[in-house]
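Undergrad: If you scroll down you'll find the structure; I have some questions about it.
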Amino acid sequence: MRKRIPVVLLAIITVSVALMAQTSGQTASLARSQDETVSLGYLHTVAYAQRQYKKKYGHYATTLAELVHSGSFTKRMATTDRGAYTVQFHGKPEAYWLTLVPKQFDPEHRSFYTDETGKVRVEEDKPASVESPLLK
């Protein structure tokens, strides 16, 4: 007897795939490795969750834990250890910023930054910031 995928799980997968295609298709193609692709997907998921959170509450979440259940953000995603990357998150009601810093910099592991503007910035050899060049 085959196990059926619960309808809720199927809906989450469908929404996640559509979201990734819509919001991160451009930046995912700029990734140099699977680790970068995953990290950019996480970055876009946080940005989407922040937009949803602000729409619901009128301000941005000040912690990653507050984003749980906003958009497709899960409790597990609130951890700052993301495999090959570490998350640095700073939130205020009026703004936020997120930096993904690789545990080891190399040509396939760059640092990424975003904030409430939605622009993605990148650095080759140091943590990315608002002054970093845009990811192109």
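Going by the structure tokens order, chains are called A, B, ..., each with residues numbered from 1, while ligands are numbered from 1 in the order shown.
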From a DSSP pass on the backbone, collect the residues of stretch 46-99 of chain A flagged as helix (DSSP H, G or I) and hand them back as number ranges by chain.
TA: A: 46-57, 65-67, 75-78
Undergrad: Can you write just those residues out, N, CA and C atoms, as a compact mmCIF listing (two decimals), in the first residue's frame?
TA:
# COMPACT_ATOMS: atom_id res chain seq x y z
N VAL A 46 13.28 34.42 3.73
CA VAL A 46 13.22 35.38 4.84
C VAL A 46 12.60 36.69 4.36
N ALA A 47 13.03 37.18 3.21
CA ALA A 47 12.50 38.44 2.68
C ALA A 47 10.99 38.35 2.44
N TYR A 48 10.56 37.24 1.89
CA TYR A 48 9.12 37.04 1.65
C TYR A 48 8.36 36.97 2.98
N ALA A 49 8.91 36.24 3.95
CA ALA A 49 8.28 36.13 5.26
C ALA A 49 8.18 37.51 5.93
N GLN A 50 9.21 38.32 5.78
CA GLN A 50 9.18 39.67 6.34
C GLN A 50 8.07 40.52 5.69
N ARG A 51 7.93 40.41 4.38
CA ARG A 51 6.87 41.16 3.70
C ARG A 51 5.49 40.72 4.21
N GLN A 52 5.31 39.40 4.36
CA GLN A 52 4.04 38.87 4.86
C GLN A 52 3.79 39.32 6.30
N TYR A 53 4.83 39.29 7.12
CA TYR A 53 4.73 39.69 8.52
C TYR A 53 4.34 41.16 8.62
N LYS A 54 5.00 42.00 7.83
CA LYS A 54 4.69 43.43 7.86
C LYS A 54 3.26 43.70 7.39
N LYS A 55 2.83 42.98 6.38
CA LYS A 55 1.47 43.13 5.87
C LYS A 55 0.44 42.80 6.96
N LYS A 56 0.75 41.79 7.77
CA LYS A 56 -0.18 41.34 8.81
C LYS A 56 -0.12 42.22 10.06
N TYR A 57 1.10 42.61 10.49
CA TYR A 57 1.27 43.30 11.77
C TYR A 57 1.63 44.79 11.66
N ALA A 65 12.68 34.07 14.97
CA ALA A 65 11.63 33.25 15.59
C ALA A 65 10.24 33.86 15.36
N GLU A 66 10.14 35.16 15.31
CA GLU A 66 8.85 35.82 15.06
C GLU A 66 8.32 35.52 13.66
N LEU A 67 9.22 35.15 12.75
CA LEU A 67 8.81 34.90 11.36
C LEU A 67 8.19 33.52 11.16
N LYS A 75 9.94 26.81 11.87
CA LYS A 75 10.70 26.90 13.12
C LYS A 75 12.15 26.51 12.89
N ARG A 76 12.38 25.49 12.11
CA ARG A 76 13.74 25.03 11.81
C ARG A 76 14.57 26.11 11.11
N MET A 77 13.91 26.95 10.33
CA MET A 77 14.61 27.99 9.58
C MET A 77 15.09 29.13 10.48
N ALA A 78 14.62 29.19 11.72
CA ALA A 78 15.02 30.25 12.64
C ALA A 78 16.42 30.03 13.21
Undergrad: Between A:Lys126, A:Trp97, A:Lys136, A:Glu36, which has the minimum distance to A:Tyr113 (counting only C-alpha atoms)?
TA: A:Trp97
Undergrad: I'd like the neighbourhood of A:Gln88 as a ChimeraX atom specification, where a residue qualifies if any of its atoms comes within 8 Å (using only C-alpha atoms), though same-chain residues fewer than 2 positions away should be ignored.
TA: /A:80,86,90,98-101
Undergrad: Which is closest to A:Asp81 among A:Arg121, A:Lys103, A:His69, A:His109, if we use only C-alpha atoms?
TA: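 Ranked by minimum distance to A:Asp81, first place goes to A:Lys103.
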Undergrad: For atom CA of A:Val120 and atom CA of A:Ser29, determine how far apart the two atoms are, in Å to one decimal place.
TA: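 These two atoms are separated by 13.3 Å.
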Undergrad: Among stretch 27-117 of chain A, which ones does DSSP assign to strand (DSSP E) (computed from the backbone)? Answer as number ranges by chain.
TA: A: 81-82, 85-92, 95-102, 111-115
Undergrad: Go ahead and save the residues from that selection, with C-alpha atoms, as an mmCIF file, in the first residue's frame.
TA:
data_model
loop_
_atom_site.group_PDB
_atom_site.id
_atom_site.type_symbol
_atom_site.label_atom_id
_atom_site.label_comp_id
_atom_site.auth_asym_id
_atom_site.auth_seq_id
_atom_site.Cartn_x
_atom_site.Cartn_y
_atom_site.Cartn_z
ATOM 1 C CA ASP A 81 23.509 27.612 11.380
ATOM 2 C CA ARG A 82 22.599 26.968 7.743
ATOM 3 C CA TYR A 85 26.641 29.419 5.980
ATOM 4 C CA THR A 86 25.896 31.322 9.182
ATOM 5 C CA VAL A 87 22.980 33.759 9.367
ATOM 6 C CA GLN A 88 23.346 37.237 10.853
ATOM 7 C CA PHE A 89 19.923 38.836 11.335
ATOM 8 C CA HIS A 90 19.071 42.247 12.769
ATOM 9 C CA GLY A 91 15.492 43.426 12.914
ATOM 10 C CA LYS A 92 13.701 46.569 13.999
ATOM 11 C CA ALA A 95 13.709 47.824 8.984
ATOM 12 C CA TYR A 96 15.754 44.618 8.942
ATOM 13 C CA TRP A 97 18.897 43.231 7.386
ATOM 14 C CA LEU A 98 20.161 39.716 6.835
ATOM 15 C CA THR A 99 23.668 38.559 5.989
ATOM 16 C CA LEU A 100 24.661 35.030 5.044
ATOM 17 C CA VAL A 101 28.346 34.458 5.759
ATOM 18 C CA PRO A 102 30.080 31.303 4.522
ATOM 19 C CA SER A 111 28.626 36.266 1.386
ATOM 20 C CA PHE A 112 25.142 37.682 0.674
ATOM 21 C CA TYR A 113 23.170 40.561 2.177
ATOM 22 C CA THR A 114 19.612 41.846 1.855
ATOM 23 C CA ASP A 115 17.349 44.235 3.708
#
Undergrad: Go ahead and compute the interatomic distance for atom CA of A:Gln104 and atom CA of A:Asp35, in Å to one decimal.
TA: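 A separation of 11.6 Å between them.
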Undergrad: Find, counting only C-alpha atoms, the residue in A:Leu43, A:Glu116, A:Leu135, A:Val68 that gets nearest to A:Pro93.
TA: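 Ranked by minimum distance to A:Pro93, first place goes to A:Glu116.
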Undergrad: Work out how far atom CA of A:Gly41 is from atom CA of A:Glu108, in Å to one decimal.
TA: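 Computing the Euclidean distance for atom CA of A:Glu108 and atom CA of A:Gly41 yields 15.6 Å.
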